[in-house]
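Inspection log for the structure reproduced underneath, given as structure tokens.
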Amino acid sequence: MKKYIVLLAFITLSIGLRAQQTGTKMSAADSLLNAMNANEKPAPVDIFKSTRLVLSQTTKMVKKNNFNFQIIHRFGDIAGTNGGPQTAFGIDRVNDVYFGFEYGVSDNFNIDLGRSTIGQLVQLELKAAVMHQTTDNSTPFALTLIGEAGVKPYLPFPTFGSRLSYLAQAVFARQFPGVSLQLSPTFVRDNTPYPSLPGNEQQFFALQAAARIKLSNHTGFILDYAHPFSTFRSNNATFQDPIGIGYEVETGGHVFTVNITNANSVSEMNFLSTTQQRFSQGQYRIGFTISRMFDFNPKTRGDKK
Amino acid sequence: MKYAVIILLVWVNLFNHPGQSLYACKNVEISLFSSAPIEDIAATTSAGTSVYNATTGDVVFSVSIPTFKFRKSLMQEHFNSDYLESDKYPRATFKGKIQEPVDVTKNGSYPITAVGELDVHGVKQSRTIPGTLTVNNGALTLKSEFMVKCVDHHIEIPQIVFHNIAESIQMKVSATYAAAK
């Protein structure tokens, strides 16, 4: 196949060159330029607009010297016994608030700090981009590794060690035209099984899957799902898989997400372990994410020569 | 693929008769600048490519959009994903002809005008672009400054960020050519 392409290129080229001498369009300059551009470096693909979808973290990195500040809310149940008009469909109740601080040490390495209302969980996260999807598909997908350590400093625990939780995640993502897909195999470790019920496991694997459907250059529709592979949770009918849908708007330095999810909490360490809310009982809620990117690189004002 | 390129280059040269004097530049410097109320927008690249045919006056330029570097990474990201849509239109090109005859054997500075098609964001515009070609002992330097209007190339600026972005962008191009043997 390649041989034919090369052969075809020869033929068109020689025709072009002969024609060029009589002054027609296909020029020697064109051919030389095309040859010069043939082995150019492929560019990385920006798969997602934001570092978080509804539940999942994405492969997107905060760039060097940039700082991303996030406020994420989960309100109360929209319907069911705790919802309805008496709580303004859950708006009156704030189930979880998460403050996120993400800093780009380099384009491929971030340090993140987060604080949740649920469990007063404070978490430190290290995030490293291992590879990026490229425009020429020489790397067909992106891989980012995430490691988190969390502490619940105020609840009564016997020892400091029993306050700790850990999470490790490999995030694989690929952008197809108009749709970005992501899969995240995850390992969760809670030194004290959480929630602390008899028979609960200290550690289990989980899988998160997410998609972003591009609606315009600035907006997208997002879907998010997680499943813990935990026999305790599978055998206990009260546990549910977290599901979220959302609408994402990006305006310059801000990204806004409005979403609906059954998960009560924002942090993976919380919602993978504890989600027990059912859509069928009205236990789904409005949530939103506001993120603002600050750039500590010098302003371009005054660069004019 | 590499071989194909090498063979193509050899082929080009086989047909490169005396009088077909081609000049090439692999590191054309291109910068864009626009002054806006909140913050100036400025980016540069030195990864442009250009070929000038001194016999016919043909001149071509090409630049990969993602090679433009901004001081602010977010600006660079939006430039690529939202405005220039570099995933769909990875290159900007200019194909034209320099109208004035230039004697490449004689040192001097020649004011020139190139007439041709500017292709940015997948939209072609017929343009007449002024510039200066300097000949110095067989080395050619081409410099040009021109404006590109966003609307001409269907680059949409959403109302919500309107104030951050100017409607026309000043481009500066500088290429130093060597004879392509």
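Ordered as shown in the structure tokens, chains take letters A, B, and onward, while each chain numbers its residues from 1 and ligands are numbered from 1 in the order shown.
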Which residues of stretch 38-105 of chain B have any atom within 12 Å of an atom in stretch 236-251 of chain A when counting only C-alpha atoms, and what is the closest pair of atoms for each, with the distance in Å to one decimal? Order the rows by chain and rising number and write it as a Markdown table.
```
| residue | atom | partner | partner_atom | distance |
| --- | --- | --- | --- | --- |
| B:Leu74 | CA | A:Thr251 | CA | 11.2 |
| B:Met75 | CA | A:Thr251 | CA | 11.6 |
| B:His78 | CA | A:Thr251 | CA | 9.7 |
| B:Ser81 | CA | A:Glu250 | CA | 11.5 |
| B:Asp82 | CA | A:Glu250 | CA | 10.1 |
```
Inset, instruction - Provide as a PyMOL selection string the residues of chain B at most 6 Å from chain A, counting only C-alpha atoms. - result: chain B and resi 5+39-40+51+82
Could you pull the residues within 8 Å of stretch 62-65 of chain B, counting only C-alpha atoms, minus those fewer than 6 positions along the same chain, as a short mmCIF file (atom, residue, chain, number, x, y, z; two decimals) with C-alpha atoms, in the first residue's frame?
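The file below, selection05.cif, is the result:
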```cif
data_model
loop_
_atom_site.label_atom_id
_atom_site.label_comp_id
_atom_site.auth_asym_id
_atom_site.auth_seq_id
_atom_site.Cartn_x
_atom_site.Cartn_y
_atom_site.Cartn_z
CA LEU A 33 7.35 22.42 1.76
CA ALA B 47 8.52 26.12 13.88
CA GLY B 48 7.11 27.58 10.69
CA THR B 49 8.34 26.35 7.33
CA SER B 50 8.64 28.23 4.07
CA ASN B 80 -6.05 25.61 20.30
CA LEU B 84 -8.31 27.88 16.14
CA SER B 86 -6.28 22.89 15.96
CA PRO B 90 -3.82 21.79 12.56
CA ARG B 91 -2.04 24.16 10.13
CA ALA B 92 -2.19 27.67 8.82
CA THR B 93 -0.73 28.18 5.35
CA PHE B 94 -0.06 30.88 2.83
#
```
Inset, instruction - Using DSSP on the backbone, list every residue of chain B that comes out as strand (DSSP E), and give them as a ChimeraX atom specification. - result: /B:22-34,41-53,58-64,69-70,91-98,108-120,123-136,139-149,168-179
Legend entry - Filtered DSSP result for chain B, state helix (DSSP H, G or I), as a PyMOL selection string: chain B and resi 2-14+65-67+73-83+150-153+159-164
Inset, instruction - Report the distance between atom CA of B:Tyr23 and atom CA of B:Ala54 in Å, rounded to one decimal place. - result: 7.4 Å
Excluding stretch 137-153 of chain B and residues on its chain fewer than 3 positions from it, collect all residues at most 9 Å away from it, counting only C-alpha atoms, and give them as a PDB file with C-alpha atoms, in the first residue's frame.
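Just written: around-v2.pdb:
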```pdb
ATOM      1  CA  TYR B  23      15.145  28.601  -1.059  1.00  0.00           C
ATOM      2  CA  VAL B 104      19.043  37.005  -5.624  1.00  0.00           C
ATOM      3  CA  THR B 105      22.610  37.503  -6.895  1.00  0.00           C
ATOM      4  CA  LYS B 106      22.633  41.157  -5.942  1.00  0.00           C
ATOM      5  CA  ASN B 107      22.777  42.285  -2.306  1.00  0.00           C
ATOM      6  CA  ASP B 119      -5.613  29.549   4.944  1.00  0.00           C
ATOM      7  CA  VAL B 120      -6.326  29.862   8.670  1.00  0.00           C
ATOM      8  CA  HIS B 121      -8.924  27.821  10.609  1.00  0.00           C
ATOM      9  CA  GLY B 122      -9.846  26.046   7.365  1.00  0.00           C
ATOM     10  CA  VAL B 123     -11.008  29.279   5.724  1.00  0.00           C
ATOM     11  CA  LYS B 124      -9.133  30.602   2.689  1.00  0.00           C
ATOM     12  CA  GLN B 125      -8.852  34.315   2.071  1.00  0.00           C
ATOM     13  CA  ILE B 129       0.613  40.975   1.929  1.00  0.00           C
ATOM     14  CA  PRO B 130       3.508  43.451   1.960  1.00  0.00           C
ATOM     15  CA  GLY B 131       6.984  42.584   3.130  1.00  0.00           C
ATOM     16  CA  THR B 132      10.707  43.092   2.693  1.00  0.00           C
ATOM     17  CA  LEU B 133      13.139  40.653   1.156  1.00  0.00           C
ATOM     18  CA  THR B 134      16.790  41.202   1.992  1.00  0.00           C
ATOM     19  CA  GLU B 156     -15.907  32.787  16.759  1.00  0.00           C
ATOM     20  CA  ILE B 157     -15.517  34.900  19.857  1.00  0.00           C
ATOM     21  CA  ALA B 166      -9.423  41.571  20.139  1.00  0.00           C
ATOM     22  CA  GLU B 167     -11.149  41.137  16.805  1.00  0.00           C
ATOM     23  CA  SER B 168      -8.032  41.444  14.722  1.00  0.00           C
ATOM     24  CA  ILE B 169      -4.613  40.025  15.341  1.00  0.00           C
ATOM     25  CA  GLN B 170      -1.279  41.463  14.281  1.00  0.00           C
ATOM     26  CA  MET B 171       1.020  38.875  12.738  1.00  0.00           C
ATOM     27  CA  LYS B 172       4.776  39.174  12.312  1.00  0.00           C
ATOM     28  CA  VAL B 173       6.689  36.759  10.137  1.00  0.00           C
ATOM     29  CA  SER B 174      10.431  36.447   9.756  1.00  0.00           C
ATOM     30  CA  ALA B 175      12.168  33.814   7.627  1.00  0.00           C
ATOM     31  CA  THR B 176      15.839  33.349   6.828  1.00  0.00           C
ATOM     32  CA  TYR B 177      16.276  31.156   3.779  1.00  0.00           C
ATOM     33  CA  ALA B 178      19.120  28.998   2.630  1.00  0.00           C
ATOM     34  CA  ALA B 179      19.385  27.643  -0.875  1.00  0.00           C
TER      35      ALA B 179
END
```
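For the residues A:Gln283, A:Gln202, A:Gln169, A:Thr231, ranking by smallest atom-to-atom distance to A:Gln57 using only C-alpha atoms places A:Gln169 first.
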Inset, instruction - Can you work out which one of A:Ser234, A:Gln281, A:Thr274, A:Gln133 has the shortest atom-to-atom distance to A:Gly84, counting only C-alpha atoms? - result: A:Gln281
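Atom CA of A:Gly161 to atom CA of A:Thr192 spans 8.7 Å [interatomic distance, one decimal].
The nearest approach to A:Lys60 among the residues A:Val130, A:Leu113, A:Ile286, A:Val188, with only C-alpha atoms taken into account, belongs to A:Val130.
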Legend entry - Residues within 9 Å of B:Arg127, only C-alpha atoms, excluding chain neighbours under 2 positions, as a PyMOL selection string: chain B and resi 96+114-118+125+129
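Interatomic distance, atom CA of B:Arg71 against atom CA of B:Ser31: 12.6 Å.
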